[in-house]
>>> print(open('run_38.pdb').read())   # PDB, C-alpha atoms
ATOM      1  CA  MET A1371      65.373  61.407  42.772
ATOM      2  CA  TYR A1372      62.444  59.292  41.610
ATOM      3  CA  LYS A1373      58.934  58.781  42.861
ATOM      4  CA  ALA A1374      56.377  56.180  41.907
ATOM      5  CA  GLN A1375      52.612  56.318  42.030
ATOM      6  CA  LEU A1376      51.413  52.891  43.096
ATOM      7  CA  ALA A1377      48.495  50.738  42.092
ATOM      8  CA  PRO A1378      46.065  49.967  44.945
ATOM      9  CA  ASN A1379      47.676  47.584  47.427
ATOM     10  CA  PRO A1380      46.777  45.955  50.778
ATOM     11  CA  LYS A1381      49.097  48.277  52.734
ATOM     12  CA  GLY A1382      47.353  51.406  51.435
ATOM     13  CA  ILE A1383      50.625  52.930  50.205
ATOM     14  CA  SER A1384      49.936  55.320  47.365
ATOM     15  CA  GLU A1385      53.422  56.638  46.609
ATOM     16  CA  VAL A1386      57.063  55.715  47.099
ATOM     17  CA  GLU A1387      59.733  58.386  46.908
ATOM     18  CA  MET A1388      63.304  57.230  46.389
ATOM     19  CA  ASN A1389      65.578  59.652  48.247
ATOM     20  CA  TYR A1390      69.035  58.321  47.451
ATOM     21  CA  ASP A1391      70.935  55.169  46.713
ATOM     22  CA  VAL A1392      74.351  53.744  47.397
ATOM     23  CA  ILE A1393      75.564  51.458  44.641
ATOM     24  CA  SER A1394      78.738  49.379  44.690
ATOM     25  CA  GLU A1395      79.642  47.761  41.396
ATOM     26  CA  THR A1396      82.556  45.967  43.042
ATOM     27  CA  ARG A1397      80.439  44.335  45.745
ATOM     28  CA  GLN A1398      77.352  44.198  43.505
ATOM     29  CA  THR A1399      75.134  45.822  46.092
ATOM     30  CA  ALA A1400      72.529  48.549  46.052
ATOM     31  CA  ASN A1401      71.001  50.223  49.093
ATOM     32  CA  VAL A1402      68.075  52.593  48.666
ATOM     33  CA  ASN A1403      66.571  54.957  51.213
ATOM     34  CA  TYR A1404      62.971  55.715  50.380
ATOM     35  CA  VAL A1405      59.752  57.009  51.872
ATOM     36  CA  GLU A1406      56.400  55.212  51.751
ATOM     37  CA  LYS A1407      53.547  57.691  51.556
ATOM     38  CA  ILE A1408      50.003  56.843  52.544
ATOM     39  CA  ASP A1409      47.087  59.056  51.523
ATOM     40  CA  ILE A1410      45.080  59.125  54.769
ATOM     41  CA  SER A1411      41.814  59.897  52.941
ATOM     42  CA  LYS A1412      42.099  56.598  51.042
ATOM     43  CA  ILE A1413      42.434  54.387  54.113
ATOM     44  CA  ALA A1414      40.376  56.191  56.766
ATOM     45  CA  ASP A1415      36.788  55.291  57.614
ATOM     46  CA  THR A1416      35.116  58.409  56.211
ATOM     47  CA  ARG A1417      31.963  57.796  58.254
ATOM     48  CA  LYS A1418      33.905  58.012  61.507
ATOM     49  CA  PHE A1419      36.521  60.510  60.347
ATOM     50  CA  PRO A1420      35.024  62.705  57.595
ATOM     51  CA  GLN A1421      37.886  65.228  57.790
ATOM     52  CA  ALA A1422      40.635  62.605  57.451
ATOM     53  CA  GLU A1423      43.107  63.883  54.888
ATOM     54  CA  GLY A1424      46.804  64.422  54.296
ATOM     55  CA  MET A1425      49.784  62.184  53.763
ATOM     56  CA  SER A1426      51.618  59.989  56.225
ATOM     57  CA  SER A1427      55.298  59.361  55.436
ATOM     58  CA  VAL A1428      57.369  56.432  56.687
ATOM     59  CA  PRO A1429      61.128  56.387  55.940
ATOM     60  CA  LYS A1430      62.520  52.976  55.016
ATOM     61  CA  SER A1431      65.578  51.299  53.559
ATOM     62  CA  TRP A1432      65.925  48.494  51.011
ATOM     63  CA  ASP A1433      68.920  46.359  50.025
ATOM     64  CA  ALA A1434      69.013  44.551  46.700
ATOM     65  CA  THR A1435      69.930  40.893  46.710
ATOM     66  CA  THR A1436      72.765  39.849  44.403
ATOM     67  CA  ASP A1437      70.224  38.491  41.888
ATOM     68  CA  GLU A1438      68.180  41.712  42.012
ATOM     69  CA  PHE A1439      71.335  43.768  41.552
ATOM     70  CA  GLN A1440      72.408  41.691  38.541
ATOM     71  CA  ALA A1441      68.951  41.840  36.951
ATOM     72  CA  TRP A1442      68.911  45.629  37.269
ATOM     73  CA  TYR A1443      72.585  46.278  36.451
ATOM     74  CA  ASN A1444      72.544  44.161  33.284
ATOM     75  CA  ASN A1445      69.348  45.692  31.877
ATOM     76  CA  GLN A1446      69.620  49.361  30.906
ATOM     77  CA  ASP A1447      65.839  49.606  30.404
ATOM     78  CA  VAL A1448      65.056  48.837  34.052
ATOM     79  CA  LEU A1449      65.258  51.572  36.696
ATOM     80  CA  LEU A1450      66.516  50.727  40.169
ATOM     81  CA  ILE A1451      63.219  51.960  41.641
ATOM     82  CA  GLU A1452      61.392  49.398  39.455
ATOM     83  CA  THR A1453      63.518  46.568  40.849
ATOM     84  CA  MET A1454      62.908  47.825  44.387
ATOM     85  CA  LEU A1455      59.134  48.103  43.898
ATOM     86  CA  GLN A1456      58.946  44.601  42.436
ATOM     87  CA  SER A1457      60.988  43.231  45.344
ATOM     88  CA  LEU A1458      58.624  44.944  47.814
ATOM     89  CA  GLY A1459      55.554  43.534  46.049
ATOM     90  CA  PHE A1460      54.257  46.838  44.614
ATOM     91  CA  GLN A1461      53.102  47.694  41.115
ATOM     92  CA  PHE A1462      53.574  51.219  39.839
ATOM     93  CA  THR A1463      51.164  53.162  37.684
ATOM     94  CA  GLU A1464      53.841  55.710  36.828
ATOM     95  CA  ILE A1465      57.406  56.606  37.722
ATOM     96  CA  GLN A1466      58.524  60.205  37.755
ATOM     97  CA  LYS A1467      62.022  61.696  37.816
ATOM     98  CA  LEU A1468      62.929  65.001  39.424
ATOM     99  CA  ASP A1469      64.338  67.599  37.046
ATOM    100  CA  ILE A1470      66.834  69.387  39.290
ATOM    101  CA  THR A1471      66.894  72.487  37.084
ATOM    102  CA  THR A1472      63.146  73.138  37.373
ATOM    103  CA  GLY A1473      62.314  71.304  40.602
ATOM    104  CA  GLN A1474      59.463  69.533  38.783
ATOM    105  CA  TYR A1475      58.814  65.822  38.367
ATOM    106  CA  HIS A1476      58.345  64.370  34.878
ATOM    107  CA  ILE A1477      56.935  60.967  33.964
ATOM    108  CA  VAL A1478      59.620  58.604  32.687
ATOM    109  CA  LYS A1479      57.616  55.345  32.730
ATOM    110  CA  SER A1480      53.981  54.424  32.967
ATOM    111  CA  ASN A1481      52.241  51.122  33.507
ATOM    112  CA  PRO A1482      48.559  51.470  32.546
ATOM    113  CA  SER A1483      47.879  47.763  33.161
ATOM    114  CA  ALA A1484      48.518  48.303  36.899
ATOM    115  CA  GLN A1485      45.488  50.552  37.400
TER     116      GLN A1485
END
>>> encode(input="run_38.pdb", output="C-alpha coordinates")
Amino acid sequence: MYKAQLAPNPKGISEVEMNYDVISETRQTANVNYVEKIDISKIADTRKFPQAEGMSSVPKSWDATTDEFQAWYNNQDVLLIETMLQSLGFQFTEIQKLDITTGQYHIVKSNPSAQ
(Lines of atoms letter the chains of each structure in order from A and count residues from 1; the text may use other names and numbers.)
(Lines give C-alpha, C1' and ligand atoms only; values in the text may rest on other atoms or scores of the structure.)
Protein backbone atom coordinates (compact mmCIF):
# COMPACT_ATOMS: atom_id res chain seq x y z
CA MET A 1 0.00 0.00 0.00
CA TYR A 2 1.21 3.49 -0.89
CA LYS A 3 0.10 6.95 0.06
CA ALA A 4 1.07 10.29 -1.40
CA GLN A 5 1.13 13.71 0.18
CA LEU A 6 -0.02 16.17 -2.45
CA ALA A 7 1.04 19.66 -3.37
CA PRO A 8 -1.73 22.28 -2.99
CA ASN A 9 -4.38 21.79 -5.67
CA PRO A 10 -7.74 23.34 -6.64
CA LYS A 11 -9.71 20.35 -5.29
CA GLY A 12 -8.21 20.72 -1.81
CA ILE A 13 -7.07 17.08 -1.73
CA SER A 14 -4.11 16.71 0.59
CA GLU A 15 -3.47 12.97 0.42
CA VAL A 16 -4.16 9.98 -1.81
CA GLU A 17 -3.99 6.48 -0.39
CA MET A 18 -3.68 3.62 -2.86
CA ASN A 19 -5.54 0.64 -1.40
CA TYR A 20 -4.96 -2.05 -4.00
CA ASP A 21 -4.44 -2.61 -7.67
CA VAL A 22 -5.34 -5.19 -10.26
CA ILE A 23 -2.73 -5.50 -12.99
CA SER A 24 -3.01 -7.61 -16.12
CA GLU A 25 0.17 -7.91 -18.14
CA THR A 26 -1.68 -9.86 -20.83
CA ARG A 27 -4.34 -7.20 -21.37
CA GLN A 28 -1.97 -4.37 -20.43
CA THR A 29 -4.38 -2.88 -17.94
CA ALA A 30 -4.12 -1.53 -14.42
CA ASN A 31 -7.01 -0.69 -12.13
CA VAL A 32 -6.36 1.08 -8.84
CA ASN A 33 -8.74 1.62 -5.94
CA TYR A 34 -7.71 4.62 -3.91
CA VAL A 35 -9.00 7.13 -1.39
CA GLU A 36 -8.79 10.91 -1.76
CA LYS A 37 -8.37 12.58 1.61
CA ILE A 38 -9.22 16.20 2.24
CA ASP A 39 -7.98 18.00 5.35
CA ILE A 40 -11.13 19.92 6.36
CA SER A 41 -9.12 22.58 8.23
CA LYS A 42 -7.37 23.54 4.98
CA ILE A 43 -10.54 24.17 2.98
CA ALA A 44 -13.02 25.44 5.58
CA ASP A 45 -13.73 29.12 6.18
CA THR A 46 -12.13 29.42 9.62
CA ARG A 47 -14.05 32.62 10.38
CA LYS A 48 -17.38 30.83 10.01
CA PHE A 49 -16.24 27.42 11.24
CA PRO A 50 -13.34 27.88 13.69
CA GLN A 51 -13.56 24.27 14.92
CA ALA A 52 -13.46 22.74 11.43
CA GLU A 53 -10.96 19.90 11.51
CA GLY A 54 -10.52 16.27 10.55
CA MET A 55 -10.22 14.37 7.32
CA SER A 56 -12.85 13.60 4.72
CA SER A 57 -12.26 10.42 2.68
CA VAL A 58 -13.72 9.68 -0.74
CA PRO A 59 -13.15 6.22 -2.27
CA LYS A 60 -12.42 6.23 -6.00
CA SER A 61 -11.18 4.02 -8.80
CA TRP A 62 -8.76 4.71 -11.66
CA ASP A 63 -8.00 2.75 -14.83
CA ALA A 64 -4.76 3.27 -16.72
CA THR A 65 -4.96 3.84 -20.44
CA THR A 66 -2.83 1.57 -22.62
CA ASP A 67 -0.25 4.37 -23.03
CA GLU A 68 -0.15 5.01 -19.27
CA PHE A 69 0.24 1.29 -18.61
CA GLN A 70 3.11 1.02 -21.10
CA ALA A 71 4.87 4.11 -19.72
CA TRP A 72 4.70 2.69 -16.20
CA TYR A 73 5.37 -0.97 -17.06
CA ASN A 74 8.45 -0.20 -19.17
CA ASN A 75 10.07 2.12 -16.60
CA GLN A 76 11.17 0.42 -13.38
CA ASP A 77 11.86 3.80 -11.73
CA VAL A 78 8.22 4.91 -11.94
CA LEU A 79 5.68 3.74 -9.35
CA LEU A 80 2.12 3.01 -10.42
CA ILE A 81 0.85 5.61 -7.94
CA GLU A 82 3.02 8.22 -9.71
CA THR A 83 1.42 7.40 -13.06
CA MET A 84 -2.04 7.57 -11.48
CA LEU A 85 -1.36 10.93 -9.79
CA GLN A 86 -0.03 12.42 -13.03
CA SER A 87 -3.09 11.14 -14.92
CA LEU A 88 -5.37 12.73 -12.29
CA GLY A 89 -3.53 16.05 -12.51
CA PHE A 90 -1.90 15.93 -9.04
CA GLN A 91 1.68 16.57 -8.00
CA PHE A 92 3.07 14.74 -5.01
CA THR A 93 5.41 16.15 -2.40
CA GLU A 94 6.24 12.67 -1.13
CA ILE A 95 5.22 9.06 -1.63
CA GLN A 96 5.28 6.64 1.26
CA LYS A 97 5.11 2.84 1.29
CA LEU A 98 3.60 0.77 4.07
CA ASP A 99 6.01 -1.60 5.79
CA ILE A 100 3.72 -4.53 6.60
CA THR A 101 6.05 -5.84 9.31
CA THR A 102 5.96 -2.63 11.37
CA GLY A 103 2.70 -1.07 10.18
CA GLN A 104 4.58 2.20 9.54
CA TYR A 105 4.88 4.22 6.35
CA HIS A 106 8.32 5.11 5.00
CA ILE A 107 9.16 7.71 2.36
CA VAL A 108 10.22 6.11 -0.92
CA LYS A 109 10.14 9.22 -3.15
CA SER A 110 10.04 12.93 -2.58
CA ASN A 111 9.45 15.83 -4.93
CA PRO A 112 10.59 19.06 -3.24
CA SER A 113 9.86 21.14 -6.36
CA ALA A 114 6.12 20.44 -5.90
CA GLN A 115 5.85 22.38 -2.64
>>> closest_residue(input="run_38.pdb", among="A:Gly1424, A:Asn1379, A:Asn1401, A:Glu1387", to="A:Tyr1475", atoms="only C-alpha atoms")
A:Glu1387
>>> resolve_selection(input="run_38.pdb", expression="the PyMOL selection byres ((chain A and resi 1402-1408) around 7)", output="PDB file with C-alpha atoms, in the coordinates of the input")
ATOM      1  CA  GLY A1382      47.353  51.406  51.435  1.00  0.00           C
ATOM      2  CA  ILE A1383      50.625  52.930  50.205  1.00  0.00           C
ATOM      3  CA  SER A1384      49.936  55.320  47.365  1.00  0.00           C
ATOM      4  CA  GLU A1385      53.422  56.638  46.609  1.00  0.00           C
ATOM      5  CA  VAL A1386      57.063  55.715  47.099  1.00  0.00           C
ATOM      6  CA  GLU A1387      59.733  58.386  46.908  1.00  0.00           C
ATOM      7  CA  MET A1388      63.304  57.230  46.389  1.00  0.00           C
ATOM      8  CA  ASN A1389      65.578  59.652  48.247  1.00  0.00           C
ATOM      9  CA  TYR A1390      69.035  58.321  47.451  1.00  0.00           C
ATOM     10  CA  ASP A1391      70.935  55.169  46.713  1.00  0.00           C
ATOM     11  CA  VAL A1392      74.351  53.744  47.397  1.00  0.00           C
ATOM     12  CA  ALA A1400      72.529  48.549  46.052  1.00  0.00           C
ATOM     13  CA  ASN A1401      71.001  50.223  49.093  1.00  0.00           C
ATOM     14  CA  ASP A1409      47.087  59.056  51.523  1.00  0.00           C
ATOM     15  CA  ILE A1410      45.080  59.125  54.769  1.00  0.00           C
ATOM     16  CA  MET A1425      49.784  62.184  53.763  1.00  0.00           C
ATOM     17  CA  SER A1426      51.618  59.989  56.225  1.00  0.00           C
ATOM     18  CA  SER A1427      55.298  59.361  55.436  1.00  0.00           C
ATOM     19  CA  VAL A1428      57.369  56.432  56.687  1.00  0.00           C
ATOM     20  CA  PRO A1429      61.128  56.387  55.940  1.00  0.00           C
ATOM     21  CA  LYS A1430      62.520  52.976  55.016  1.00  0.00           C
ATOM     22  CA  SER A1431      65.578  51.299  53.559  1.00  0.00           C
ATOM     23  CA  TRP A1432      65.925  48.494  51.011  1.00  0.00           C
ATOM     24  CA  ASP A1433      68.920  46.359  50.025  1.00  0.00           C
TER      25      ASP A1433
END
>>> closest_residue(input="run_38.pdb", among="A:Arg1417, A:Ile1393, A:Tyr1372, A:Pro1378", to="A:Thr1463", atoms="all atoms listed in the file")
A:Pro1378
>>> resolve_selection(input="run_38.pdb", expression="the PyMOL selection byres ((chain A and resi 1459) around 12)", output="list in words")
Leu1376, Ala1377, Pro1378, Asn1379, Pro1380, Lys1381, Ile1383, Glu1452, Thr1453, Met1454, Leu1455, Gln1456, Ser1457, Leu1458, Phe1460, Gln1461 and Phe1462 of chain A
>>> closest_residue(input="run_38.pdb", among="A:Ile1465, A:Ala1441, A:Ala1434, A:Leu1449", to="A:Ala1374", atoms="only C-alpha atoms")
A:Ile1465
>>> atom_distance(input="run_38.pdb", atom1="atom CA of A:Ser1394", atom2="atom CA of A:Asp1437")
14.1 Å
>>> resolve_selection(input="run_38.pdb", expression="the PyMOL selection byres ((chain A and resi 1480) around 6)", output="list in words")
Thr1463, Glu1464, Lys1479 and Asn1481 of chain A
>>> atom_distance(input="run_38.pdb", atom1="atom CA of A:Leu1468", atom2="atom CA of A:Val1448")
17.2 Å
>>> atom_distance(input="run_38.pdb", atom1="atom CA of A:Glu1423", atom2="atom CA of A:Ser1483")
27.5 Å
>>> axis_aligned_box(input="run_38.pdb", around="stretch 1388-1405 of chain A", padding_each_side="3 Å", output="AutoDock Vina command-line options")
--center_x 71.2 --center_y 51.9 --center_z 46.6 --size_x 28.8 --size_y 21.5 --size_z 16.5
>>> residues_around(input="run_38.pdb", residues="A:Gln1398", least_positions_apart="6", cutoff="8 Å", atoms="all atoms listed in the file", output="list in words")
Thr1436, Phe1439 and Gln1440 of chain A
>>> closest_residue(input="run_38.pdb", among="A:Asp1469, A:Gln1446, A:Gln1421, A:Arg1397", to="A:Met1371", atoms="only C-alpha atoms")
A:Asp1469
>>> build_atoms(input="run_38.pdb", residues="stretch 1458-1469 of chain A", atoms="all heavy atoms", output="short mmCIF file (atom, residue, chain, number, x, y, z; two decimals), in the frame of the given file")
data_model
loop_
_atom_site.label_atom_id
_atom_site.label_comp_id
_atom_site.auth_asym_id
_atom_site.auth_seq_id
_atom_site.Cartn_x
_atom_site.Cartn_y
_atom_site.Cartn_z
N LEU A 1458 59.51 44.63 46.69
CA LEU A 1458 58.62 44.94 47.81
C LEU A 1458 57.19 44.50 47.57
O LEU A 1458 56.34 44.61 48.46
CB LEU A 1458 58.67 46.44 48.10
CG LEU A 1458 60.02 47.00 48.56
CD1 LEU A 1458 59.98 48.52 48.61
CD2 LEU A 1458 60.40 46.41 49.90
N GLY A 1459 56.90 44.02 46.36
CA GLY A 1459 55.55 43.53 46.05
C GLY A 1459 54.59 44.61 45.59
O GLY A 1459 53.37 44.42 45.66
N PHE A 1460 55.11 45.74 45.10
CA PHE A 1460 54.26 46.84 44.61
C PHE A 1460 54.28 46.90 43.10
O PHE A 1460 55.26 46.56 42.46
CB PHE A 1460 54.74 48.19 45.14
CG PHE A 1460 54.66 48.34 46.63
CD1 PHE A 1460 55.78 48.67 47.36
CD2 PHE A 1460 53.46 48.16 47.30
CE1 PHE A 1460 55.73 48.82 48.74
CE2 PHE A 1460 53.39 48.31 48.68
CZ PHE A 1460 54.52 48.65 49.39
N GLN A 1461 53.17 47.39 42.54
CA GLN A 1461 53.10 47.69 41.12
C GLN A 1461 52.96 49.20 40.98
O GLN A 1461 52.19 49.82 41.71
CB GLN A 1461 51.89 47.03 40.46
CG GLN A 1461 52.05 45.55 40.21
CD GLN A 1461 50.94 45.06 39.31
OE1 GLN A 1461 49.77 45.40 39.51
NE2 GLN A 1461 51.28 44.28 38.30
N PHE A 1462 53.68 49.78 40.04
CA PHE A 1462 53.57 51.22 39.84
C PHE A 1462 52.63 51.53 38.69
O PHE A 1462 52.49 50.75 37.76
CB PHE A 1462 54.95 51.85 39.56
CG PHE A 1462 55.57 51.46 38.24
CD1 PHE A 1462 55.33 52.22 37.10
CD2 PHE A 1462 56.38 50.35 38.13
CE1 PHE A 1462 55.90 51.88 35.89
CE2 PHE A 1462 56.95 49.99 36.93
CZ PHE A 1462 56.71 50.76 35.79
N THR A 1463 51.96 52.67 38.80
CA THR A 1463 51.16 53.16 37.68
C THR A 1463 51.99 54.13 36.85
O THR A 1463 51.85 54.20 35.65
CB THR A 1463 49.87 53.85 38.15
OG1 THR A 1463 50.20 54.91 39.04
CG2 THR A 1463 48.95 52.86 38.83
N GLU A 1464 52.89 54.87 37.55
CA GLU A 1464 53.84 55.71 36.83
C GLU A 1464 55.05 55.99 37.71
O GLU A 1464 54.96 55.98 38.93
CB GLU A 1464 53.21 57.02 36.34
CG GLU A 1464 52.82 57.98 37.42
CD GLU A 1464 52.18 59.25 36.88
OE1 GLU A 1464 51.49 59.20 35.84
OE2 GLU A 1464 52.36 60.30 37.51
N ILE A 1465 56.17 56.22 37.04
CA ILE A 1465 57.41 56.61 37.72
C ILE A 1465 57.80 57.97 37.19
O ILE A 1465 57.78 58.20 35.97
CB ILE A 1465 58.54 55.59 37.49
CG1 ILE A 1465 58.18 54.25 38.15
CG2 ILE A 1465 59.87 56.11 38.04
CD1 ILE A 1465 59.17 53.14 37.90
N GLN A 1466 58.14 58.85 38.12
CA GLN A 1466 58.52 60.20 37.76
C GLN A 1466 59.95 60.48 38.23
O GLN A 1466 60.38 59.94 39.25
CB GLN A 1466 57.58 61.23 38.39
CG GLN A 1466 56.14 61.03 38.02
CD GLN A 1466 55.21 61.92 38.82
OE1 GLN A 1466 55.64 62.70 39.66
NE2 GLN A 1466 53.92 61.81 38.56
N LYS A 1467 60.65 61.31 37.47
CA LYS A 1467 62.02 61.70 37.82
C LYS A 1467 62.06 63.19 38.06
O LYS A 1467 61.45 63.97 37.33
CB LYS A 1467 62.98 61.33 36.68
CG LYS A 1467 64.43 61.64 37.00
CD LYS A 1467 65.34 61.21 35.88
CE LYS A 1467 66.79 61.49 36.27
NZ LYS A 1467 67.71 61.06 35.22
N LEU A 1468 62.79 63.59 39.09
CA LEU A 1468 62.93 65.00 39.42
C LEU A 1468 63.91 65.67 38.47
O LEU A 1468 65.03 65.21 38.29
CB LEU A 1468 63.42 65.16 40.87
CG LEU A 1468 63.64 66.59 41.35
CD1 LEU A 1468 62.31 67.35 41.40
CD2 LEU A 1468 64.29 66.59 42.72
N ASP A 1469 63.47 66.76 37.86
CA ASP A 1469 64.34 67.60 37.05
C ASP A 1469 64.94 68.64 37.99
O ASP A 1469 64.23 69.53 38.46
CB ASP A 1469 63.53 68.27 35.93
CG ASP A 1469 64.38 69.15 35.03
OD1 ASP A 1469 65.49 69.56 35.44
OD2 ASP A 1469 63.92 69.44 33.92
#
